[in-house]
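Here's structure.txt, which has compact mmCIF, C-alpha atoms:
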# COMPACT_ATOMS: atom_id res chain seq x y z
CA MET N 1 9.42 13.03 5.50
CA LEU N 2 8.01 9.53 5.28
CA ALA N 3 5.51 9.13 8.13
CA LYS N 4 5.38 6.11 10.42
CA ARG N 5 2.12 4.32 9.71
CA ILE N 6 -0.59 3.35 12.19
CA ILE N 7 -2.62 0.43 10.92
CA PRO N 8 -5.72 -0.87 12.68
CA CYS N 9 -6.18 -4.59 12.08
CA LEU N 10 -9.59 -6.15 11.76
CA ASP N 11 -9.95 -9.91 12.17
CA VAL N 12 -13.08 -10.96 10.32
CA LYS N 13 -15.00 -14.14 10.99
CA ASP N 14 -18.11 -14.88 8.91
CA GLY N 15 -18.43 -11.21 7.98
CA ARG N 16 -18.02 -9.71 11.47
CA VAL N 17 -14.96 -8.19 13.15
CA VAL N 18 -13.61 -10.17 16.07
CA LYS N 19 -10.48 -9.93 18.18
CA GLY N 20 -9.22 -12.60 20.50
CA ILE N 21 -6.50 -12.92 23.08
CA ASN N 22 -3.62 -15.00 21.71
CA PHE N 23 -5.93 -16.06 18.85
CA THR N 24 -8.41 -17.84 21.13
CA GLY N 25 -11.44 -16.71 23.10
CA LEU N 26 -12.87 -14.66 20.24
CA SER N 27 -15.34 -11.89 20.97
CA GLU N 28 -17.32 -9.95 18.40
CA VAL N 29 -16.70 -6.22 18.05
CA GLY N 30 -18.50 -4.90 14.97
CA ASP N 31 -19.25 -4.38 11.30
CA PRO N 32 -16.03 -4.47 9.22
CA VAL N 33 -16.95 -1.79 6.70
CA GLU N 34 -18.30 0.66 9.29
CA LEU N 35 -15.34 0.11 11.57
CA GLY N 36 -12.88 0.56 8.69
CA ARG N 37 -14.54 3.78 7.63
CA LYS N 38 -14.46 5.09 11.17
CA TYR N 39 -10.74 4.32 11.47
CA ALA N 40 -10.02 5.98 8.10
CA LEU N 41 -11.84 9.14 9.23
CA GLU N 42 -9.87 9.15 12.48
CA GLY N 43 -6.62 9.14 10.50
CA ALA N 44 -5.63 5.48 10.10
CA ASP N 45 -2.88 5.25 7.46
CA GLU N 46 -3.92 1.83 6.17
CA LEU N 47 -6.22 -0.98 7.21
CA VAL N 48 -5.63 -4.70 7.39
CA TYR N 49 -8.51 -7.20 7.15
CA LEU N 50 -7.71 -10.79 8.05
CA ASP N 51 -10.23 -13.49 7.27
CA ILE N 52 -10.30 -16.07 10.02
CA SER N 53 -13.46 -17.84 8.81
CA ALA N 54 -13.23 -21.58 8.75
CA THR N 55 -16.01 -22.25 6.23
CA ILE N 56 -16.54 -21.75 2.49
CA GLU N 57 -19.55 -19.52 3.25
CA GLY N 58 -17.39 -17.41 5.52
CA ARG N 59 -14.74 -17.05 2.78
CA ASN N 60 -17.30 -16.01 0.18
CA THR N 61 -18.69 -13.41 2.59
CA PHE N 62 -15.14 -12.09 2.95
CA ALA N 63 -14.58 -11.57 -0.80
CA GLU N 64 -17.84 -9.65 -0.97
CA LEU N 65 -16.78 -7.63 2.05
CA VAL N 66 -13.46 -6.68 0.36
CA GLY N 67 -15.49 -5.16 -2.47
CA ARG N 68 -17.56 -3.10 -0.05
CA VAL N 69 -14.42 -1.87 1.74
CA ALA N 70 -12.93 -0.78 -1.61
CA ASP N 71 -16.14 1.12 -2.36
CA THR N 72 -16.08 2.91 0.97
CA VAL N 73 -12.56 3.75 2.16
CA ASN N 74 -10.10 6.16 0.53
CA ILE N 75 -6.92 4.78 2.09
CA PRO N 76 -4.98 1.62 1.20
CA PHE N 77 -6.00 -1.70 2.66
CA THR N 78 -4.46 -5.15 2.88
CA VAL N 79 -6.35 -8.42 3.08
CA GLY N 80 -5.25 -11.84 4.14
CA GLY N 81 -6.24 -15.15 5.58
CA GLY N 82 -6.31 -18.38 3.63
CA ILE N 83 -4.52 -17.15 0.48
CA ARG N 84 -2.93 -20.29 -1.01
CA SER N 85 -2.61 -19.55 -4.72
CA LEU N 86 -2.16 -16.90 -7.36
CA ASP N 87 -5.89 -17.27 -8.09
CA ASP N 88 -6.84 -16.51 -4.48
CA ALA N 89 -4.69 -13.37 -4.66
CA ALA N 90 -6.15 -12.38 -8.03
CA ARG N 91 -9.71 -12.66 -6.72
CA LEU N 92 -8.94 -10.29 -3.86
CA LEU N 93 -7.10 -7.86 -6.16
CA ASP N 94 -10.13 -7.81 -8.46
CA ALA N 95 -12.38 -7.20 -5.47
CA GLY N 96 -10.32 -4.06 -4.80
CA ALA N 97 -7.60 -4.98 -2.28
CA ASP N 98 -4.36 -2.95 -2.51
CA LYS N 99 -2.19 -5.65 -0.97
CA ILE N 100 -2.51 -9.20 0.19
CA THR N 101 -0.77 -10.94 3.03
CA VAL N 102 0.41 -14.53 2.94
CA ASN N 103 1.54 -16.54 5.92
CA SER N 104 1.28 -20.35 6.33
CA ALA N 105 0.87 -21.00 2.60
CA ALA N 106 4.17 -19.19 1.93
CA ILE N 107 5.92 -21.30 4.55
CA ALA N 108 4.54 -24.46 2.96
CA ARG N 109 5.42 -23.27 -0.55
CA PRO N 110 7.73 -20.21 -0.64
CA GLU N 111 7.39 -19.98 -4.47
CA LEU N 112 3.92 -18.53 -3.83
CA ILE N 113 5.60 -15.22 -2.90
CA SER N 114 7.50 -15.04 -6.21
CA GLU N 115 4.43 -16.08 -8.20
CA ILE N 116 2.26 -13.31 -6.79
CA ALA N 117 5.03 -10.68 -6.81
CA SER N 118 6.04 -11.32 -10.40
CA ARG N 119 2.45 -11.06 -11.55
CA TYR N 120 1.24 -8.09 -9.46
CA GLY N 121 4.41 -6.43 -8.20
CA ARG N 122 6.33 -6.44 -4.97
CA GLN N 123 4.14 -3.73 -3.43
CA PHE N 124 1.17 -6.13 -3.50
CA VAL N 125 2.76 -8.82 -1.32
CA VAL N 126 3.05 -8.59 2.44
CA VAL N 127 4.58 -11.64 4.07
CA ALA N 128 3.24 -12.16 7.58
CA ILE N 129 5.41 -14.04 10.04
CA ASP N 130 3.99 -15.25 13.36
CA ALA N 131 7.09 -16.13 15.33
CA LYS N 132 7.90 -17.41 18.79
CA SER N 133 11.17 -17.54 20.66
CA GLY N 134 12.34 -20.99 21.65
CA PRO N 135 14.01 -21.98 24.90
CA ASP N 136 17.37 -21.29 23.19
CA GLY N 137 16.26 -17.71 22.40
CA VAL N 138 16.07 -18.42 18.65
CA TRP N 139 12.93 -17.11 16.95
CA HIS N 140 11.09 -19.45 14.59
CA ALA N 141 8.06 -18.87 12.38
CA THR N 142 4.96 -20.71 13.54
CA THR N 143 1.70 -21.71 11.89
CA HIS N 144 -1.79 -22.53 13.18
CA GLY N 145 -2.05 -19.51 15.45
CA GLY N 146 1.34 -20.10 17.02
CA SER N 147 0.72 -23.71 17.93
CA ARG N 148 3.08 -25.30 15.40
CA GLN N 149 6.72 -24.33 15.16
CA THR N 150 8.34 -24.53 11.72
CA ASP N 151 11.99 -24.92 10.74
CA LYS N 152 12.06 -21.34 9.42
CA GLU N 153 14.27 -19.16 11.58
CA LEU N 154 12.77 -15.65 11.71
CA PHE N 155 15.63 -13.61 10.18
CA ALA N 156 16.52 -16.14 7.50
CA TRP N 157 12.87 -16.50 6.53
CA ALA N 158 12.36 -12.71 6.35
CA ARG N 159 15.42 -12.38 4.08
CA GLU N 160 14.21 -15.24 1.89
CA ALA N 161 10.77 -13.61 1.63
CA GLU N 162 12.42 -10.33 0.57
CA GLU N 163 14.52 -12.11 -2.06
CA ARG N 164 11.44 -13.87 -3.37
CA GLY N 165 9.62 -10.58 -3.86
CA ALA N 166 7.89 -9.56 -0.62
CA GLY N 167 7.25 -5.80 -0.39
CA GLU N 168 6.85 -5.74 3.39
CA ILE N 169 7.20 -8.01 6.40
CA LEU N 170 4.44 -8.09 9.00
CA PHE N 171 6.03 -9.63 12.07
CA THR N 172 3.89 -10.73 15.03
CA SER N 173 5.45 -12.05 18.18
CA MET N 174 3.17 -14.87 19.27
CA ASP N 175 4.67 -14.48 22.73
CA HIS N 176 3.24 -10.95 22.92
CA ASP N 177 0.14 -10.95 20.68
CA GLY N 178 -3.02 -9.92 22.49
CA THR N 179 -1.25 -9.49 25.83
CA ARG N 180 -1.03 -5.66 25.67
CA ASN N 181 2.40 -5.91 27.31
CA GLY N 182 4.36 -4.22 24.51
CA TYR N 183 6.53 -5.41 21.62
CA PRO N 184 9.94 -7.14 21.76
CA CYS N 185 11.78 -4.05 20.46
CA PRO N 186 15.32 -5.46 20.15
CA VAL N 187 14.05 -8.27 17.91
CA TYR N 188 12.21 -5.75 15.73
CA ALA N 189 15.29 -3.53 15.45
CA ALA N 190 17.47 -6.48 14.42
CA LEU N 191 14.87 -7.58 11.86
CA SER N 192 14.45 -4.08 10.43
CA GLU N 193 18.21 -3.71 10.01
CA SER N 194 18.62 -7.11 8.39
CA ILE N 195 16.23 -6.48 5.49
CA GLY N 196 15.75 -3.66 2.99
CA ILE N 197 11.92 -3.66 2.91
CA PRO N 198 9.58 -2.09 5.47
CA VAL N 199 8.68 -3.90 8.68
CA ILE N 200 5.23 -3.70 10.24
CA ALA N 201 5.11 -4.48 13.96
CA SER N 202 2.10 -6.38 15.20
CA GLY N 203 0.77 -7.88 18.38
CA GLY N 204 1.27 -6.63 21.89
CA ALA N 205 0.39 -2.93 21.93
CA GLY N 206 -1.17 -1.96 25.25
CA SER N 207 -0.36 1.74 25.23
CA VAL N 208 0.86 4.57 23.01
CA GLU N 209 4.26 4.25 24.71
CA ASP N 210 4.49 0.66 23.41
CA ILE N 211 3.78 1.84 19.86
CA ALA N 212 6.24 4.73 20.20
CA ALA N 213 8.91 2.29 21.41
CA VAL N 214 8.54 -0.13 18.49
CA LEU N 215 8.64 2.76 15.97
CA THR N 216 11.82 4.23 17.50
CA GLU N 217 13.91 1.63 19.39
CA GLY N 218 12.29 -1.16 17.36
CA LYS N 219 12.95 0.70 14.05
CA ALA N 220 9.63 -0.52 12.68
CA ASP N 221 8.14 1.43 9.76
CA ALA N 222 4.56 0.87 10.84
CA ALA N 223 2.59 -0.50 13.76
CA LEU N 224 -0.48 -2.64 13.48
CA ALA N 225 -2.87 -2.88 16.40
CA ALA N 226 -6.32 -4.22 17.12
CA SER N 227 -7.40 -4.39 20.76
CA ILE N 228 -6.46 -0.87 21.79
CA PHE N 229 -8.63 0.54 19.00
CA HIS N 230 -11.53 -1.90 19.00
CA TYR N 231 -12.34 -1.48 22.64
CA GLY N 232 -12.16 2.29 22.46
CA GLN N 233 -9.14 2.52 24.77
CA TYR N 234 -7.67 5.06 22.31
CA THR N 235 -8.85 6.50 19.02
CA VAL N 236 -6.42 6.39 16.09
CA ALA N 237 -6.28 10.20 16.25
CA GLU N 238 -5.27 10.18 19.93
CA VAL N 239 -2.50 7.69 19.27
CA LYS N 240 -1.15 9.76 16.38
CA ARG N 241 -1.31 13.02 18.32
CA GLN N 242 0.63 11.47 21.20
CA LEU N 243 3.21 10.00 18.82
CA ALA N 244 3.62 13.41 17.15
CA ALA N 245 4.05 15.03 20.57
CA SER N 246 6.93 12.68 21.28
CA GLY N 247 8.62 13.66 18.01
CA ILE N 248 7.66 10.68 15.83
CA PRO N 249 6.77 11.66 12.25
CA VAL N 250 3.12 10.81 11.62
CA ARG N 251 0.45 12.08 9.25
CA LEU N 252 -2.02 14.21 11.20
CA MET K 253 -16.76 11.14 -19.57
CA ILE K 254 -13.38 10.02 -18.27
CA ALA K 255 -11.61 7.14 -19.98
CA ILE K 256 -9.52 5.03 -17.59
CA ILE K 257 -7.09 3.13 -19.79
CA ASP K 258 -7.32 -0.61 -19.20
CA TYR K 259 -4.05 -2.32 -20.07
CA ASP K 260 -3.98 -5.05 -17.46
CA MET K 261 -1.74 -3.23 -14.99
CA GLY K 262 -3.51 -3.58 -11.67
CA ASN K 263 -6.71 -2.97 -9.89
CA LEU K 264 -8.80 -0.07 -11.16
CA ARG K 265 -11.70 -0.42 -8.79
CA SER K 266 -10.35 2.06 -6.20
CA LEU K 267 -9.80 4.67 -8.88
CA GLU K 268 -13.30 4.20 -10.31
CA ASN K 269 -14.74 4.41 -6.80
CA ALA K 270 -12.79 7.57 -5.97
CA LEU K 271 -13.97 9.25 -9.18
CA GLY K 272 -17.51 7.99 -8.57
CA ARG K 273 -17.52 9.59 -5.11
CA LEU K 274 -16.71 12.90 -6.85
CA GLY K 275 -19.67 12.42 -9.18
CA ALA K 276 -17.57 11.77 -12.29
CA GLU K 277 -18.69 9.34 -14.96
CA CYS K 278 -15.90 7.01 -16.04
CA LEU K 279 -15.33 4.08 -18.30
CA VAL K 280 -12.54 1.52 -18.07
CA THR K 281 -11.48 0.89 -21.66
CA ALA K 282 -8.70 0.12 -24.13
CA ASP K 283 -10.79 1.18 -27.12
CA PRO K 284 -8.85 3.85 -29.09
CA ASP K 285 -12.03 5.62 -30.24
CA VAL K 286 -13.42 5.88 -26.73
CA ILE K 287 -10.07 7.14 -25.42
CA ARG K 288 -9.72 9.69 -28.22
CA LYS K 289 -13.20 11.11 -27.64
CA ALA K 290 -13.12 11.16 -23.82
CA GLU K 291 -13.15 14.54 -22.08
CA ARG K 292 -10.30 13.38 -19.85
CA VAL K 293 -8.05 10.36 -19.81
CA ILE K 294 -6.40 8.60 -16.88
CA LEU K 295 -3.48 6.21 -17.31
CA PRO K 296 -3.25 4.26 -14.04
CA GLY K 297 -0.78 1.50 -13.30
CA VAL K 298 0.96 -0.47 -10.60
CA GLY K 299 3.73 -2.98 -11.13
CA HIS K 300 6.56 -3.10 -13.63
CA ALA K 301 7.22 -0.20 -16.04
CA GLY K 302 8.72 -2.50 -18.70
CA LYS K 303 5.63 -4.69 -18.60
CA ALA K 304 3.43 -1.56 -18.68
CA MET K 305 5.12 -0.35 -21.89
CA GLU K 306 4.79 -3.83 -23.42
CA ASN K 307 1.08 -3.94 -22.59
CA LEU K 308 0.52 -0.45 -24.02
CA GLU K 309 2.42 -1.36 -27.19
CA ALA K 310 0.44 -4.59 -27.59
CA ARG K 311 -2.70 -2.42 -27.67
CA ASN K 312 -1.11 0.20 -30.00
CA LEU K 313 -1.63 2.87 -27.38
CA PRO K 314 1.66 4.82 -27.06
CA SER K 315 1.21 6.91 -30.20
CA LEU K 316 -2.48 7.42 -29.47
CA ILE K 317 -1.62 8.69 -25.97
CA ARG K 318 1.01 11.07 -27.41
CA SER K 319 -1.63 12.54 -29.72
CA LEU K 320 -4.19 13.30 -27.00
CA ARG K 321 -5.07 16.99 -26.47
CA GLN K 322 -7.55 16.65 -23.57
CA PRO K 323 -6.28 16.57 -19.96
CA VAL K 324 -4.41 13.30 -19.33
CA LEU K 325 -3.35 12.07 -15.87
CA GLY K 326 -0.80 9.31 -15.36
CA ILE K 327 -0.75 7.72 -11.91
CA CYS K 328 2.27 5.89 -10.41
CA VAL K 329 3.63 3.57 -13.14
CA GLY K 330 1.20 5.40 -15.46
CA MET K 331 3.19 8.57 -14.73
CA GLN K 332 6.53 6.80 -15.14
CA VAL K 333 5.72 5.51 -18.63
CA LEU K 334 4.85 9.08 -19.66
CA CYS K 335 8.51 9.95 -18.95
CA ARG K 336 11.41 9.68 -21.41
CA ASP K 337 12.71 6.32 -20.26
CA SER K 338 13.03 4.12 -17.17
CA GLU K 339 15.74 2.00 -15.61
CA GLU K 340 12.98 -0.58 -15.16
CA ALA K 341 12.60 -0.82 -18.95
CA PRO K 342 16.25 -0.66 -20.01
CA GLY K 343 17.10 0.03 -23.62
CA LYS K 344 13.69 1.12 -24.75
CA PRO K 345 12.02 4.50 -24.81
CA CYS K 346 8.85 5.23 -22.86
CA ILE K 347 6.07 7.51 -24.13
CA GLY K 348 8.28 10.57 -23.70
CA ILE K 349 5.93 13.36 -22.66
CA PHE K 350 7.78 14.42 -19.50
CA ASP K 351 11.43 15.28 -19.80
CA ALA K 352 12.46 12.95 -16.98
CA HIS K 353 14.50 9.80 -16.67
CA VAL K 354 13.04 7.26 -14.19
CA LYS K 355 15.65 5.79 -11.83
CA GLN K 356 15.69 3.09 -9.19
CA PHE K 357 16.05 4.06 -5.52
CA SER K 358 19.49 2.90 -4.52
CA PRO K 359 19.47 0.94 -1.29
CA VAL K 360 21.11 2.87 1.53
CA PRO K 361 20.97 1.85 5.19
CA GLY K 362 17.76 3.05 6.78
CA ARG K 363 16.07 3.92 3.48
CA LYS K 364 13.66 1.12 2.77
CA VAL K 365 12.66 0.26 -0.80
CA PRO K 366 9.82 0.28 -1.84
CA HIS K 367 9.19 3.85 -0.68
CA MET K 368 5.91 2.91 0.89
CA GLY K 369 3.47 4.99 2.88
CA TRP K 370 2.53 8.61 3.45
CA ASN K 371 5.03 11.32 2.61
CA ASP K 372 4.54 15.07 2.41
CA LEU K 373 4.55 17.34 -0.63
CA SER K 374 6.46 20.56 -1.25
CA ASN K 375 6.99 23.12 -4.03
CA MET K 376 3.51 22.75 -5.44
CA GLU K 377 2.59 24.64 -8.58
CA GLY K 378 -0.33 24.94 -10.96
CA LYS K 379 -3.90 23.75 -11.29
CA LEU K 380 -3.43 20.10 -10.32
CA MET K 381 -2.07 21.09 -6.90
CA LYS K 382 -4.53 23.94 -6.27
CA SER K 383 -5.77 24.24 -2.65
CA VAL K 384 -3.34 21.55 -1.46
CA ALA K 385 -1.56 22.90 1.61
CA PRO K 386 2.25 22.59 1.75
CA HIS K 387 3.29 19.44 3.62
CA SER K 388 0.03 17.64 2.94
CA PHE K 389 0.57 13.88 3.05
CA VAL K 390 -0.19 11.55 0.15
CA TYR K 391 0.27 7.81 -0.31
CA PHE K 392 3.26 6.49 -2.25
CA VAL K 393 4.30 2.97 -3.15
CA HIS K 394 7.15 2.71 -5.63
CA SER K 395 10.75 1.56 -6.10
CA TYR K 396 11.54 3.85 -9.06
CA TYR K 397 11.25 7.64 -9.24
CA ALA K 398 11.43 10.53 -11.69
CA GLY K 399 14.12 13.01 -10.76
CA LEU K 400 13.48 16.74 -10.59
CA CYS K 401 13.04 18.32 -14.02
CA PRO K 402 11.48 21.40 -15.65
CA ASP K 403 8.10 19.60 -15.67
CA THR K 404 8.07 19.00 -11.88
CA VAL K 405 5.01 20.61 -10.21
CA ALA K 406 5.36 19.03 -6.75
CA THR K 407 8.30 17.46 -4.98
CA CYS K 408 8.71 14.83 -2.30
CA ASN K 409 11.77 14.10 -0.24
CA TYR K 410 12.59 10.52 0.71
CA ASP K 411 15.28 10.47 3.34
CA GLY K 412 17.34 13.21 1.71
CA LEU K 413 16.52 12.31 -1.88
CA PRO K 414 14.17 14.80 -3.57
CA PHE K 415 12.14 13.55 -6.54
CA SER K 416 9.12 14.53 -8.66
CA ALA K 417 5.86 13.82 -6.84
CA ALA K 418 3.90 15.38 -9.71
CA LEU K 419 4.70 16.43 -13.27
CA ARG K 420 3.01 18.53 -15.89
CA TYR K 421 3.69 19.24 -19.55
CA GLU K 422 0.97 21.03 -21.53
CA ASN K 423 -2.22 18.91 -21.16
CA PHE K 424 -0.36 15.99 -19.53
CA TYR K 425 -0.23 15.55 -15.76
CA GLY K 426 1.29 12.83 -13.65
CA THR K 427 1.44 11.86 -9.98
CA GLN K 428 3.88 9.37 -8.51
CA PHE K 429 1.56 8.98 -5.52
CA HIS K 430 -1.92 7.45 -5.59
CA PRO K 431 -4.52 10.23 -5.27
CA GLU K 432 -7.28 7.59 -5.11
CA LYS K 433 -5.67 6.22 -1.92
CA SER K 434 -4.63 9.53 -0.38
CA GLY K 435 -7.66 10.43 1.74
CA ASP K 436 -8.99 13.99 1.55
CA THR K 437 -5.82 15.42 -0.04
CA GLY K 438 -6.04 12.86 -2.83
CA GLU K 439 -9.68 13.70 -3.37
CA GLN K 440 -8.81 17.38 -3.73
CA ILE K 441 -6.17 16.54 -6.37
CA LEU K 442 -8.61 14.37 -8.34
CA LYS K 443 -11.21 17.14 -8.07
CA ASN K 444 -8.60 19.58 -9.44
CA PHE K 445 -7.92 17.26 -12.38
CA LEU K 446 -11.65 17.07 -13.09
CA SER K 447 -11.89 20.85 -13.31
CA ILE K 448 -8.83 21.46 -15.53

Please, can you express the file's structure as structure tokens?
Amino acid sequence: MLAKRIIPCLDVKDGRVVKGINFTGLSEVGDPVELGRKYALEGADELVYLDISATIEGRNTFAELVGRVADTVNIPFTVGGGIRSLDDAARLLDAGADKITVNSAAIARPELISEIASRYGRQFVVVAIDAKSGPDGVWHATTHGGSRQTDKELFAWAREAEERGAGEILFTSMDHDGTRNGYPCPVYAALSESIGIPVIASGGAGSVEDIAAVLTEGKADAALAASIFHYGQYTVAEVKRQLAASGIPVRL
Amino acid sequence: MIAIIDYDMGNLRSLENALGRLGAECLVTADPDVIRKAERVILPGVGHAGKAMENLEARNLPSLIRSLRQPVLGICVGMQVLCRDSEEAPGKPCIGIFDAHVKQFSPVPGRKVPHMGWNDLSNMEGKLMKSVAPHSFVYFVHSYYAGLCPDTVATCNYDGLPFSAALRYENFYGTQFHPEKSGDTGEQILKNFLSI
């Protein structure tokens, strides 16, 4: 049986892992390679590294870091942050990344998805969508850490991304990210049913019950989380054991 | 020395690293002489099977691969092109070692394609799968699969559809999953390949 995946996410700024609340108020939590290795040993199914550096130096540090992660971990990992072209994606593939994630650049130029997918395959492309619900209850993709709303309606954009060659959708609710109040499960379930590729839920996990809910009611194929792991609230192994105890298929 | 065949079908760094961690010496190459003389050969591959066959043909490798007598391991698309033919490369034969036809997962509600993530193994046989406990999880990422056939040496079940997780014919082995990305279980399988 295909297991539901638990994916720790590491936000990396200038070579160090950080995690903020709603993408602001960043605090440093550790060395990316060491932390990734620790999560892999605890039973993480994949890792995601997002580069949030704002400088060229920071970006170069990140590419070097991707190489060190590939040398060290024996599970798949995805990298993202600032990928704007096929060349950016190629550099990270060569450094050893298994998948890349594109977000704002794909909104600005959706052809980017097709370009990367047709060169490296659908499995290599994760399209990340940071969405917010408007006053009318309609969800729209946002950019710039949730501060700018785009004209891309969540479901239509996810379907377009799939048609253009995305292998997975990583959907973060910017209304829930970093709050530890749980995921908007009905939105996840509707999204998962409207596309044929896997959905990764992100942003909002405060407890194992939240993760269990998004993997069952929310019909997500995987859950990505940062805070609950970084601050030692739970280990990856504890989360997976509790999920297994509630009947959710996981790899132990 | 292990020759990892380089035919421009994806990232080989993880595979080199995984073999390096097991103490194996490997060389990424498309040189026919190096491949012919290697103790073992690995044919990796992610992406499109039709493109993979094209790239192998452009390097004159299909007939060389067929003639190899040392242990050969095809991984993911590398395994698929060792089969008879593939729906992803319509109208042309693949290398034809394994007696399997590679088909596309048909989309059914609730069964996502690609089949992506960790799935468990059953019905394991032979040296490649030695010391791998039933229901061990390995990492898959694919939209096409080889059906069950006489060469199947491990099976996987995706939402009611059983397929070949591993194949073997004489000195040729293949895994649909990625042993280099499959944690400790994957390491055991690579170790088994190194001691065949």

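Closest approach to Gln123 in chain N among K:Asn375, K:Ser395, K:Ser447, K:Ser358: K:Ser395, based on all atoms listed in the file.
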
So that each row is one residue of range 110-195 of chain N with an atom at most 10 Å from range 379-393 of chain K, can you give its shortest atom pair and the distance in Å to one decimal, using all atoms listed in the file, rows by chain and rising number, as JSON lines?
{"residue": "N:Arg122", "atom": "CA", "partner": "K:Val393", "partner_atom": "CA", "distance": 9.8}
{"residue": "N:Gln123", "atom": "CA", "partner": "K:Val393", "partner_atom": "CA", "distance": 6.7}
{"residue": "N:Phe124", "atom": "CA", "partner": "K:Val393", "partner_atom": "CA", "distance": 9.6}
{"residue": "N:Gly167", "atom": "CA", "partner": "K:Val393", "partner_atom": "CA", "distance": 9.7}

Could you build a table of the residues in chain N lying no more than 10 Å from chain K, giving for each the nearest pair of atoms and their separation in Å rounded to one decimal place, using only C-alpha atoms, ordered by chain and ascending residue number, as a tab-separated table?
residue	atom	partner	partner_atom	distance
N:Met1	CA	K:Asn371	CA	5.5
N:Leu2	CA	K:Asn371	CA	4.4
N:Ala3	CA	K:Trp370	CA	5.6
N:Lys4	CA	K:Gly369	CA	7.9
N:Arg5	CA	K:Gly369	CA	7.0
N:Ala40	CA	K:Gly435	CA	8.1
N:Leu41	CA	K:Gly435	CA	8.7
N:Gly43	CA	K:Gly435	CA	8.9
N:Ala44	CA	K:Gly435	CA	9.9
N:Asp45	CA	K:Trp370	CA	7.5
N:Glu46	CA	K:Gly369	CA	8.7
N:Gly67	CA	K:Arg265	CA	8.8
N:Val69	CA	K:Ser266	CA	9.7
N:Ala70	CA	K:Ser266	CA	6.0
N:Asp71	CA	K:Asn269	CA	5.7
N:Thr72	CA	K:Asn269	CA	8.0
N:Val73	CA	K:Gly435	CA	8.3
N:Asn74	CA	K:Lys433	CA	5.1
N:Ile75	CA	K:Lys433	CA	4.4
N:Pro76	CA	K:Lys433	CA	5.6
N:Phe77	CA	K:Lys433	CA	9.2
N:Ala90	CA	K:Asn263	CA	9.6
N:Leu92	CA	K:Asn263	CA	9.7
N:Leu93	CA	K:Asn263	CA	6.2
N:Asp94	CA	K:Asn263	CA	6.1
N:Ala95	CA	K:Arg265	CA	7.6
N:Gly96	CA	K:Arg265	CA	5.6
N:Ala97	CA	K:Asn263	CA	7.9
N:Asp98	CA	K:Asn263	CA	7.7
N:Ala117	CA	K:Gly299	CA	8.9
N:Ser118	CA	K:Gly299	CA	8.7
N:Arg119	CA	K:Gly299	CA	8.2
N:Tyr120	CA	K:Gly299	CA	5.9
N:Gly121	CA	K:Gly299	CA	4.6
N:Arg122	CA	K:Gly299	CA	7.5
N:Gln123	CA	K:Val393	CA	6.7
N:Phe124	CA	K:Gly299	CA	8.6
N:Gly167	CA	K:Pro366	CA	6.8
N:Glu168	CA	K:Pro366	CA	8.5
N:Ser192	CA	K:Gly362	CA	8.7
N:Glu193	CA	K:Gly362	CA	7.5
N:Ser194	CA	K:Pro361	CA	9.8
N:Ile195	CA	K:Lys364	CA	8.5
N:Gly196	CA	K:Lys364	CA	5.2
N:Ile197	CA	K:Lys364	CA	5.1
N:Pro198	CA	K:Lys364	CA	5.9
N:Val199	CA	K:Lys364	CA	9.2
N:Lys219	CA	K:Gly362	CA	9.0
N:Asp221	CA	K:Lys364	CA	8.9
N:Ala222	CA	K:Gly369	CA	9.0
N:Pro249	CA	K:Asn371	CA	9.8
N:Val250	CA	K:Trp370	CA	8.5
N:Arg251	CA	K:Phe389	CA	6.5
N:Leu252	CA	K:Phe389	CA	8.6

If we count all atoms listed in the file, what is near Met174 in chain N at a cut-off of 8 Å, once residues fewer than 5 positions away on the same chain are taken out, given as number ranges by chain? N: 22, 130-132, 145-146, 203

Using all atoms listed in the file, can you list as an NGL selection string the residues within 9 Å of (1.1, 9.8, 22.6)? :N and (207-209 or 211-212 or 238-246)

Residues from last step as file, C-alpha atoms, as a compact mmCIF listing (two decimals), in the coordinates of the input:
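Here's the written file part_33.txt:
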# COMPACT_ATOMS: atom_id res chain seq x y z
CA SER N 207 -0.36 1.74 25.23
CA VAL N 208 0.86 4.57 23.01
CA GLU N 209 4.26 4.25 24.71
CA ILE N 211 3.78 1.84 19.86
CA ALA N 212 6.24 4.73 20.20
CA GLU N 238 -5.27 10.18 19.93
CA VAL N 239 -2.50 7.69 19.27
CA LYS N 240 -1.15 9.76 16.38
CA ARG N 241 -1.31 13.02 18.32
CA GLN N 242 0.63 11.47 21.20
CA LEU N 243 3.21 10.00 18.82
CA ALA N 244 3.62 13.41 17.15
CA ALA N 245 4.05 15.03 20.57
CA SER N 246 6.93 12.68 21.28
